[in-house]
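Raw contents of run19.pdb, PDB, C-alpha atoms:
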```
MODEL        1
ATOM      1  CA  GLU V  23      88.516-264.152  55.717  1.00  0.00           C
ATOM      2  CA  ALA V  24      85.324-263.075  53.947  1.00  0.00           C
ATOM      3  CA  LYS V  25      86.468-264.783  50.740  1.00  0.00           C
ATOM      4  CA  ARG V  26      87.198-267.990  52.667  1.00  0.00           C
ATOM      5  CA  ILE V  27      83.679-267.936  54.088  1.00  0.00           C
ATOM      6  CA  ILE V  28      81.800-267.290  50.835  1.00  0.00           C
ATOM      7  CA  GLY V  29      84.070-269.308  48.556  1.00  0.00           C
ATOM      8  CA  ASP V  30      83.257-268.852  44.866  1.00  0.00           C
ATOM      9  CA  ARG V  31      79.885-267.229  45.469  1.00  0.00           C
ATOM     10  CA  GLN V  32      79.454-263.591  44.492  1.00  0.00           C
ATOM     11  CA  PRO V  33      78.344-261.319  47.353  1.00  0.00           C
ATOM     12  CA  ASP V  34      75.233-259.221  46.809  1.00  0.00           C
ATOM     13  CA  ALA V  35      76.714-256.522  49.017  1.00  0.00           C
ATOM     14  CA  VAL V  36      79.913-255.798  50.896  1.00  0.00           C
ATOM     15  CA  LEU V  37      79.363-253.857  54.116  1.00  0.00           C
ATOM     16  CA  VAL V  38      82.243-251.714  55.345  1.00  0.00           C
ATOM     17  CA  SER V  39      82.387-250.044  58.735  1.00  0.00           C
ATOM     18  CA  VAL V  40      85.374-247.866  59.531  1.00  0.00           C
ATOM     19  CA  GLY V  41      85.650-246.037  62.808  1.00  0.00           C
ATOM     20  CA  ILE V  42      87.777-244.231  65.298  1.00  0.00           C
ATOM     21  CA  ASN V  43      89.913-247.299  66.075  1.00  0.00           C
ATOM     22  CA  ASP V  44      91.039-247.364  62.440  1.00  0.00           C
ATOM     23  CA  THR V  45      92.531-243.865  62.727  1.00  0.00           C
ATOM     24  CA  ARG V  46      94.532-244.554  65.920  1.00  0.00           C
ATOM     25  CA  VAL V  47      92.732-241.542  67.412  1.00  0.00           C
ATOM     26  CA  VAL V  48      91.772-243.611  70.456  1.00  0.00           C
ATOM     27  CA  THR V  49      95.360-244.387  71.423  1.00  0.00           C
ATOM     28  CA  ASP V  50      96.952-241.175  70.137  1.00  0.00           C
ATOM     29  CA  VAL V  51      94.335-238.585  71.084  1.00  0.00           C
ATOM     30  CA  LEU V  52      91.432-239.780  73.253  1.00  0.00           C
ATOM     31  CA  THR V  53      93.042-242.160  75.756  1.00  0.00           C
ATOM     32  CA  PRO V  54      95.183-239.418  77.344  1.00  0.00           C
ATOM     33  CA  CYS V  55      92.056-237.233  77.561  1.00  0.00           C
ATOM     34  CA  LEU V  56      90.024-239.908  79.271  1.00  0.00           C
ATOM     35  CA  VAL V  57      92.599-240.971  81.868  1.00  0.00           C
ATOM     36  CA  ILE V  58      94.744-237.896  82.614  1.00  0.00           C
ATOM     37  CA  PRO V  59      92.964-235.197  84.658  1.00  0.00           C
ATOM     38  CA  LEU V  60      93.278-231.653  83.287  1.00  0.00           C
ATOM     39  CA  HIS V  61      94.781-232.893  80.015  1.00  0.00           C
ATOM     40  CA  ASP V  62      93.574-230.701  77.133  1.00  0.00           C
ATOM     41  CA  CYS V  63      92.060-233.045  74.581  1.00  0.00           C
ATOM     42  CA  ARG V  64      91.862-230.542  71.771  1.00  0.00           C
ATOM     43  CA  ARG V  65      95.019-231.618  69.952  1.00  0.00           C
ATOM     44  CA  PRO V  66      94.250-231.201  66.266  1.00  0.00           C
ATOM     45  CA  ALA V  67      97.797-232.033  65.102  1.00  0.00           C
ATOM     46  CA  ALA V  68      97.635-235.540  66.591  1.00  0.00           C
ATOM     47  CA  PHE V  69      94.305-236.273  64.947  1.00  0.00           C
ATOM     48  CA  ASP V  70      95.371-234.665  61.667  1.00  0.00           C
ATOM     49  CA  ARG V  71      98.301-237.088  61.516  1.00  0.00           C
ATOM     50  CA  SER V  72      95.977-240.006  62.256  1.00  0.00           C
ATOM     51  CA  LEU V  73      93.406-238.947  59.676  1.00  0.00           C
ATOM     52  CA  ALA V  74      95.915-238.100  56.939  1.00  0.00           C
ATOM     53  CA  GLY V  75      96.477-241.762  56.095  1.00  0.00           C
ATOM     54  CA  MET V  76      92.795-242.683  55.828  1.00  0.00           C
ATOM     55  CA  PRO V  77      92.251-241.800  52.128  1.00  0.00           C
ATOM     56  CA  ALA V  78      95.108-244.098  51.075  1.00  0.00           C
ATOM     57  CA  ARG V  79      93.767-246.848  53.329  1.00  0.00           C
ATOM     58  CA  TYR V  80      90.323-246.515  51.730  1.00  0.00           C
ATOM     59  CA  ASP V  81      91.983-246.714  48.303  1.00  0.00           C
ATOM     60  CA  ARG V  82      93.791-249.929  49.279  1.00  0.00           C
ATOM     61  CA  LEU V  83      90.534-251.331  50.644  1.00  0.00           C
ATOM     62  CA  ALA V  84      88.714-250.509  47.383  1.00  0.00           C
ATOM     63  CA  ALA V  85      91.404-252.272  45.346  1.00  0.00           C
ATOM     64  CA  GLU V  86      91.331-255.300  47.657  1.00  0.00           C
ATOM     65  CA  VAL V  87      87.528-255.587  47.585  1.00  0.00           C
ATOM     66  CA  THR V  88      87.563-255.454  43.779  1.00  0.00           C
ATOM     67  CA  ARG V  89      90.434-257.955  43.557  1.00  0.00           C
ATOM     68  CA  THR V  90      88.954-260.348  46.105  1.00  0.00           C
ATOM     69  CA  PHE V  91      85.291-260.311  45.134  1.00  0.00           C
ATOM     70  CA  GLY V  92      85.143-258.767  41.669  1.00  0.00           C
ATOM     71  CA  THR V  93      82.310-256.772  43.185  1.00  0.00           C
ATOM     72  CA  ALA V  94      80.885-253.730  41.449  1.00  0.00           C
ATOM     73  CA  SER V  95      81.731-250.641  43.423  1.00  0.00           C
ATOM     74  CA  SER V  96      78.012-249.830  43.740  1.00  0.00           C
ATOM     75  CA  ASP V  97      77.634-253.046  45.778  1.00  0.00           C
ATOM     76  CA  VAL V  98      79.935-251.712  48.526  1.00  0.00           C
ATOM     77  CA  TYR V  99      78.193-249.958  51.409  1.00  0.00           C
ATOM     78  CA  LEU V 100      80.226-247.776  53.772  1.00  0.00           C
ATOM     79  CA  THR V 101      78.499-246.817  57.023  1.00  0.00           C
ATOM     80  CA  GLU V 102      78.719-243.445  58.679  1.00  0.00           C
ATOM     81  CA  TYR V 103      80.273-243.300  62.162  1.00  0.00           C
ATOM     82  CA  PHE V 104      77.849-242.649  65.027  1.00  0.00           C
ATOM     83  CA  ASN V 105      77.987-239.830  67.590  1.00  0.00           C
ATOM     84  CA  PRO V 106      78.633-241.145  71.126  1.00  0.00           C
ATOM     85  CA  LEU V 107      79.178-237.686  72.628  1.00  0.00           C
ATOM     86  CA  ARG V 108      75.715-236.191  73.162  1.00  0.00           C
ATOM     87  CA  ARG V 109      72.962-236.562  75.725  1.00  0.00           C
ATOM     88  CA  GLY V 110      70.648-234.402  73.628  1.00  0.00           C
ATOM     89  CA  PRO V 111      70.699-231.914  70.741  1.00  0.00           C
ATOM     90  CA  VAL V 112      72.462-229.221  72.789  1.00  0.00           C
ATOM     91  CA  GLU V 113      74.022-231.285  75.572  1.00  0.00           C
ATOM     92  CA  PRO V 114      77.567-232.539  74.940  1.00  0.00           C
ATOM     93  CA  CYS V 115      78.693-235.300  77.290  1.00  0.00           C
ATOM     94  CA  ARG V 116      81.104-235.151  80.167  1.00  0.00           C
ATOM     95  CA  VAL V 117      82.828-238.518  79.822  1.00  0.00           C
ATOM     96  CA  LEU V 118      85.392-239.406  82.493  1.00  0.00           C
ATOM     97  CA  ASN V 119      87.920-236.553  82.140  1.00  0.00           C
ATOM     98  CA  LEU V 120      86.529-235.294  78.834  1.00  0.00           C
ATOM     99  CA  SER V 121      84.775-231.960  79.415  1.00  0.00           C
ATOM    100  CA  PRO V 122      81.609-230.963  77.533  1.00  0.00           C
ATOM    101  CA  ASP V 123      83.685-228.418  75.562  1.00  0.00           C
ATOM    102  CA  GLU V 124      86.165-231.133  74.595  1.00  0.00           C
ATOM    103  CA  SER V 125      83.280-233.438  73.628  1.00  0.00           C
ATOM    104  CA  ALA V 126      81.898-230.693  71.383  1.00  0.00           C
ATOM    105  CA  TRP V 127      85.369-230.236  69.829  1.00  0.00           C
ATOM    106  CA  ALA V 128      85.741-233.999  69.281  1.00  0.00           C
ATOM    107  CA  GLU V 129      82.279-234.154  67.738  1.00  0.00           C
ATOM    108  CA  SER V 130      83.070-231.538  65.104  1.00  0.00           C
ATOM    109  CA  HIS V 131      86.823-231.881  64.619  1.00  0.00           C
ATOM    110  CA  VAL V 132      87.205-235.650  65.024  1.00  0.00           C
ATOM    111  CA  LEU V 133      83.882-237.353  64.232  1.00  0.00           C
ATOM    112  CA  GLY V 134      82.776-234.810  61.642  1.00  0.00           C
ATOM    113  CA  ARG V 135      86.048-235.072  59.751  1.00  0.00           C
ATOM    114  CA  LEU V 136      86.120-238.877  60.043  1.00  0.00           C
ATOM    115  CA  ASN V 137      82.678-239.036  58.429  1.00  0.00           C
ATOM    116  CA  ALA V 138      83.619-236.472  55.772  1.00  0.00           C
ATOM    117  CA  THR V 139      86.677-238.574  54.878  1.00  0.00           C
ATOM    118  CA  GLY V 140      84.513-241.701  54.601  1.00  0.00           C
ATOM    119  CA  ALA V 141      81.889-239.933  52.480  1.00  0.00           C
ATOM    120  CA  ALA V 142      84.638-238.642  50.166  1.00  0.00           C
ATOM    121  CA  ALA V 143      86.057-242.159  49.808  1.00  0.00           C
ATOM    122  CA  ALA V 144      82.597-243.502  48.985  1.00  0.00           C
ATOM    123  CA  ARG V 145      82.168-240.868  46.256  1.00  0.00           C
ATOM    124  CA  ARG V 146      85.682-241.512  44.919  1.00  0.00           C
ATOM    125  CA  HIS V 147      85.111-245.267  44.634  1.00  0.00           C
ATOM    126  CA  GLY V 148      81.431-245.274  43.638  1.00  0.00           C
ATOM    127  CA  TRP V 149      80.378-246.901  46.921  1.00  0.00           C
ATOM    128  CA  ARG V 150      77.027-246.306  48.583  1.00  0.00           C
ATOM    129  CA  TYR V 151      77.413-244.195  51.722  1.00  0.00           C
ATOM    130  CA  VAL V 152      74.918-245.203  54.415  1.00  0.00           C
ATOM    131  CA  SER V 153      74.256-242.240  56.682  1.00  0.00           C
ATOM    132  CA  GLY V 154      71.844-241.246  59.432  1.00  0.00           C
ATOM    133  CA  MET V 155      73.577-242.935  62.351  1.00  0.00           C
ATOM    134  CA  PHE V 156      75.386-239.792  63.501  1.00  0.00           C
ATOM    135  CA  ASP V 157      72.121-237.868  63.861  1.00  0.00           C
ATOM    136  CA  ASP V 158      70.234-240.852  65.324  1.00  0.00           C
ATOM    137  CA  PHE V 159      72.686-241.095  68.222  1.00  0.00           C
ATOM    138  CA  THR V 160      72.463-237.376  69.106  1.00  0.00           C
ATOM    139  CA  SER V 161      70.223-237.976  72.136  1.00  0.00           C
ATOM    140  CA  HIS V 162      71.628-241.415  72.946  1.00  0.00           C
ATOM    141  CA  GLY V 163      75.346-240.891  73.663  1.00  0.00           C
ATOM    142  CA  TYR V 164      77.605-242.261  76.374  1.00  0.00           C
ATOM    143  CA  CYS V 165      76.238-239.925  79.041  1.00  0.00           C
ATOM    144  CA  ALA V 166      72.529-240.437  78.281  1.00  0.00           C
ATOM    145  CA  ALA V 167      70.527-242.157  80.981  1.00  0.00           C
ATOM    146  CA  SER V 168      69.689-245.806  80.434  1.00  0.00           C
ATOM    147  CA  PRO V 169      67.589-246.988  78.562  1.00  0.00           C
ATOM    148  CA  SER V 170      68.070-243.961  76.265  1.00  0.00           C
ATOM    149  CA  ARG V 171      71.820-244.644  75.977  1.00  0.00           C
ATOM    150  CA  TRP V 172      72.848-246.447  72.784  1.00  0.00           C
ATOM    151  CA  VAL V 173      76.548-246.577  73.702  1.00  0.00           C
ATOM    152  CA  ARG V 174      78.210-249.205  75.887  1.00  0.00           C
ATOM    153  CA  THR V 175      79.864-247.740  78.987  1.00  0.00           C
ATOM    154  CA  MET V 176      83.151-248.883  80.516  1.00  0.00           C
ATOM    155  CA  PRO V 177      81.411-250.708  83.401  1.00  0.00           C
ATOM    156  CA  GLU V 178      79.071-252.453  80.919  1.00  0.00           C
ATOM    157  CA  SER V 179      82.054-253.521  78.835  1.00  0.00           C
ATOM    158  CA  LEU V 180      83.870-254.831  81.907  1.00  0.00           C
ATOM    159  CA  THR V 181      80.804-256.793  82.984  1.00  0.00           C
ATOM    160  CA  GLY V 182      79.883-258.062  79.539  1.00  0.00           C
ATOM    161  CA  GLN V 183      83.250-259.000  78.072  1.00  0.00           C
ATOM    162  CA  GLY V 184      85.729-258.693  80.914  1.00  0.00           C
ATOM    163  CA  ASP V 185      87.642-255.668  79.561  1.00  0.00           C
ATOM    164  CA  VAL V 186      87.054-252.041  78.514  1.00  0.00           C
ATOM    165  CA  LEU V 187      87.528-252.647  74.777  1.00  0.00           C
ATOM    166  CA  GLY V 188      83.764-252.699  74.160  1.00  0.00           C
ATOM    167  CA  ALA V 189      83.244-249.274  75.718  1.00  0.00           C
ATOM    168  CA  PHE V 190      82.104-246.453  73.413  1.00  0.00           C
ATOM    169  CA  HIS V 191      80.735-248.952  70.879  1.00  0.00           C
ATOM    170  CA  PRO V 192      77.015-249.173  70.059  1.00  0.00           C
ATOM    171  CA  ASN V 193      75.003-251.348  72.412  1.00  0.00           C
ATOM    172  CA  GLU V 194      72.014-253.421  71.239  1.00  0.00           C
ATOM    173  CA  ALA V 195      69.795-250.350  70.725  1.00  0.00           C
ATOM    174  CA  GLY V 196      72.586-248.599  68.829  1.00  0.00           C
ATOM    175  CA  GLN V 197      73.103-251.664  66.647  1.00  0.00           C
ATOM    176  CA  ARG V 198      69.375-251.605  65.845  1.00  0.00           C
ATOM    177  CA  SER V 199      69.819-248.030  64.579  1.00  0.00           C
ATOM    178  CA  TYR V 200      72.575-249.210  62.259  1.00  0.00           C
ATOM    179  CA  ALA V 201      70.411-252.147  61.150  1.00  0.00           C
ATOM    180  CA  ARG V 202      67.509-249.834  60.217  1.00  0.00           C
ATOM    181  CA  HIS V 203      69.736-247.678  58.008  1.00  0.00           C
ATOM    182  CA  LEU V 204      71.397-250.693  56.394  1.00  0.00           C
ATOM    183  CA  GLU V 205      68.040-252.347  55.797  1.00  0.00           C
ATOM    184  CA  ASP V 206      66.838-249.199  53.998  1.00  0.00           C
ATOM    185  CA  ALA V 207      70.027-249.068  51.911  1.00  0.00           C
ATOM    186  CA  LEU V 208      69.837-252.767  50.988  1.00  0.00           C
ATOM    187  CA  ARG V 209      66.080-252.942  50.361  1.00  0.00           C
ATOM    188  CA  HIS V 210      66.535-252.661  46.588  1.00  0.00           C
ATOM    189  CA  LEU V 211      68.304-256.052  46.592  1.00  0.00           C
ATOM    190  CA  VAL V 212      65.111-257.896  47.569  1.00  0.00           C
ATOM    191  CA  GLU V 213      62.471-255.835  45.789  1.00  0.00           C
TER     192      GLU V 213
ENDMDL
END
```

Structure encoded using C-alpha cells:
Amino acid sequence: EAKRIIGDRQPDAVLVSVGINDTRVVTDVLTPCLVIPLHDCRRPAAFDRSLAGMPARYDRLAAEVTRTFGTASSDVYLTEYFNPLRRGPVEPCRVLNLSPDESAWAESHVLGRLNATGAAAARRHGWRYVSGMFDDFTSHGYCAASPSRWVRTMPESLTGQGDVLGAFHPNEAGQRSYARHLEDALRHLVE
C-alpha cells in the first residue's frame, strides 16, 4: 500500500510501529484477564509462544522493506512500545479485572520483552530504534486521571469509534509524545 501511494519516489524514512496486537498477546493472554474475574493473567507460556515468532516476522519485514523501497536500513525507524499500565512511577494500574500485581507483571514480562525484541531487531537490521515512549507514559497510563491519561479507555473508544478496538491505544496526548520522539529522530533529515 505504501509503495502504491509513493509510486517511484524514494522515501526519506520508513516508520515502523509494532505493538501488542502484532504478537496476538491481546487475544491469547490479555483478553481473558480483562473479562474473566479471578483469572490469573500471569501466563508466561502463552506470551512466550506469541513472542517467539516476532524475530522472524521482523526479518520478513526487513526483507520486504528493502525489496519494496530499496531503502537503506538506516532510513527505517522502529518505535518503542508505550507503557499503558502505570498511573505514576510506583503505581501500577488496576484495569478492569487486571490487578496491580498483574499490571506490574505485564509491564516487565510482556511490554519489556516486546520492546527488547524490537530493539534487537533494529540492531540486527541496522534500523534506528526510537525510544522514550515507554518512560514518557509512566505517569499517563490507562488508570491515570484525565487529562493526565494518554491512553484511550474502553468508554472513550466506544464513544469515539463505536467499538472497543481503540481502547489501550494512545490518545491525542499520547500521540504527541510519539511525535516528539519521532521529530527528534528525524531532525537530521531537514538540517

(message) Would you compute the distance between atom CA of His191 of chain V and atom CA of Ala67 of chain V? Give it in Å to one decimal.
(response)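 Separating atom CA of His191 of chain V from atom CA of Ala67 of chain V is a distance of 24.7 Å.
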
(request) For Arg174 of chain V, list every protein, DNA or RNA residue within 6 Å, evaluated using only C-alpha atoms, and leave out those in the same chain fewer than 5 positions away; present the list as number ranges by chain. (result) V: 189-193

Expanded to explicit residues, what is the PyMOL selection byres ((chain V and resi 100-105) around 6) for this file, as a short mmCIF file (atom, residue, chain, number, x, y, z; two decimals) with C-alpha atoms, keeping the file's coordinate frame?
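And here's result-v2.cif as it stands now:
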```cif
data_model
loop_
_atom_site.label_atom_id
_atom_site.label_comp_id
_atom_site.auth_asym_id
_atom_site.auth_seq_id
_atom_site.Cartn_x
_atom_site.Cartn_y
_atom_site.Cartn_z
CA VAL V 38 82.24 -251.71 55.34
CA SER V 39 82.39 -250.04 58.74
CA TYR V 99 78.19 -249.96 51.41
CA PRO V 106 78.63 -241.14 71.13
CA LEU V 107 79.18 -237.69 72.63
CA ASN V 137 82.68 -239.04 58.43
CA TYR V 151 77.41 -244.20 51.72
CA VAL V 152 74.92 -245.20 54.42
CA SER V 153 74.26 -242.24 56.68
CA MET V 155 73.58 -242.94 62.35
CA PHE V 156 75.39 -239.79 63.50
CA PHE V 159 72.69 -241.10 68.22
#
```

(message) Show me the residues around (75.8, -234.0, 76.4) - criterion: an atom at most 12 Å away, all atoms listed in the file counted - as an MDAnalysis selection string.
(response) chainID V and resid 105:117 120:126 129 159:167 171

Store the residues picked out above, limited to C-alpha atoms, as a compact mmCIF listing (two decimals), keeping the file's coordinate frame.
```txt
# COMPACT_ATOMS: atom_id res chain seq x y z
CA ASN V 105 77.99 -239.83 67.59
CA PRO V 106 78.63 -241.14 71.13
CA LEU V 107 79.18 -237.69 72.63
CA ARG V 108 75.72 -236.19 73.16
CA ARG V 109 72.96 -236.56 75.72
CA GLY V 110 70.65 -234.40 73.63
CA PRO V 111 70.70 -231.91 70.74
CA VAL V 112 72.46 -229.22 72.79
CA GLU V 113 74.02 -231.28 75.57
CA PRO V 114 77.57 -232.54 74.94
CA CYS V 115 78.69 -235.30 77.29
CA ARG V 116 81.10 -235.15 80.17
CA VAL V 117 82.83 -238.52 79.82
CA LEU V 120 86.53 -235.29 78.83
CA SER V 121 84.78 -231.96 79.42
CA PRO V 122 81.61 -230.96 77.53
CA ASP V 123 83.68 -228.42 75.56
CA GLU V 124 86.16 -231.13 74.60
CA SER V 125 83.28 -233.44 73.63
CA ALA V 126 81.90 -230.69 71.38
CA GLU V 129 82.28 -234.15 67.74
CA PHE V 159 72.69 -241.10 68.22
CA THR V 160 72.46 -237.38 69.11
CA SER V 161 70.22 -237.98 72.14
CA HIS V 162 71.63 -241.42 72.95
CA GLY V 163 75.35 -240.89 73.66
CA TYR V 164 77.60 -242.26 76.37
CA CYS V 165 76.24 -239.92 79.04
CA ALA V 166 72.53 -240.44 78.28
CA ALA V 167 70.53 -242.16 80.98
CA ARG V 171 71.82 -244.64 75.98
```

(request) Within 12 Å of His210 of chain V, counting all atoms listed in the file, which residues show up once you throw out same-chain ones fewer than 3 positions away? Write them as a ChimeraX atom specification, please. (result) /V:34-35,97,204-207,213

(message) So the first atom is atom CA of Arg31 of chain V and the second is atom CA of Val98 of chain V; what is the distance between them in Å, to one decimal place?
(response)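 Spanning atom CA of Arg31 of chain V to atom CA of Val98 of chain V is a straight-line distance of 15.8 Å.
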
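The smallest atom-to-atom distance between Thr90 of chain V and any of V:Gly188, V:Pro177, V:Gly29, V:Pro169, using all atoms listed in the file, is found for V:Gly29.
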
(request) To one decimal in Å, tell me the separation between atom CA of Leu118 of chain V and atom CA of Gly182 of chain V. (result) 19.7 Å

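By chain and then residue number, the residues within 12 Å of Leu83 of chain V are Val36, Leu37, Val38, Ser39, Val40, Met76, Pro77, Ala78, Thr88, Arg89, Thr90, Phe91, Ser95, Val98, Leu100, Ala143, Ala144, His147 and Trp149 of chain V, counting all atoms listed in the file and disregarding those fewer than 5 positions away in sequence.
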
Take the residues just selected and output them with C-alpha atoms as a compact mmCIF listing (two decimals), in the coordinates of the input.
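Generated file (again.txt):
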```
# COMPACT_ATOMS: atom_id res chain seq x y z
CA VAL V 36 79.91 -255.80 50.90
CA LEU V 37 79.36 -253.86 54.12
CA VAL V 38 82.24 -251.71 55.34
CA SER V 39 82.39 -250.04 58.74
CA VAL V 40 85.37 -247.87 59.53
CA MET V 76 92.80 -242.68 55.83
CA PRO V 77 92.25 -241.80 52.13
CA ALA V 78 95.11 -244.10 51.08
CA THR V 88 87.56 -255.45 43.78
CA ARG V 89 90.43 -257.96 43.56
CA THR V 90 88.95 -260.35 46.10
CA PHE V 91 85.29 -260.31 45.13
CA SER V 95 81.73 -250.64 43.42
CA VAL V 98 79.94 -251.71 48.53
CA LEU V 100 80.23 -247.78 53.77
CA ALA V 143 86.06 -242.16 49.81
CA ALA V 144 82.60 -243.50 48.98
CA HIS V 147 85.11 -245.27 44.63
CA TRP V 149 80.38 -246.90 46.92
```

Edge lengths and centre in Å to one decimal, as lines of an AutoDock Vina configuration file, is what I'm after for the box along x, y and z that holds all listed atoms of segment 140-150 of chain V once 4 Å is added on each side.
```
center_x = 81.5
center_y = -242.8
center_z = 49.1
size_x = 17.0
size_y = 16.3
size_z = 19.0
```

(message) Counting all atoms listed in the file, which residue out of V:Ala128, V:Ile27, V:Ile42, V:Ala142 sits closest to Asp81 of chain V?
(response) V:Ala142

(request) Could you tell me which of V:Ala24, V:Ala141, V:Leu211, V:Ala94 comes closest to Tyr80 of chain V if we count all atoms listed in the file? (result)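 Among the listed residues, V:Ala141 lies closest to Tyr80 of chain V.
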
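In this comparison, which uses all atoms listed in the file, the residue of V:Glu23, V:Thr175, V:Thr139, V:Ser72 approaching Leu187 of chain V most closely is V:Thr175.
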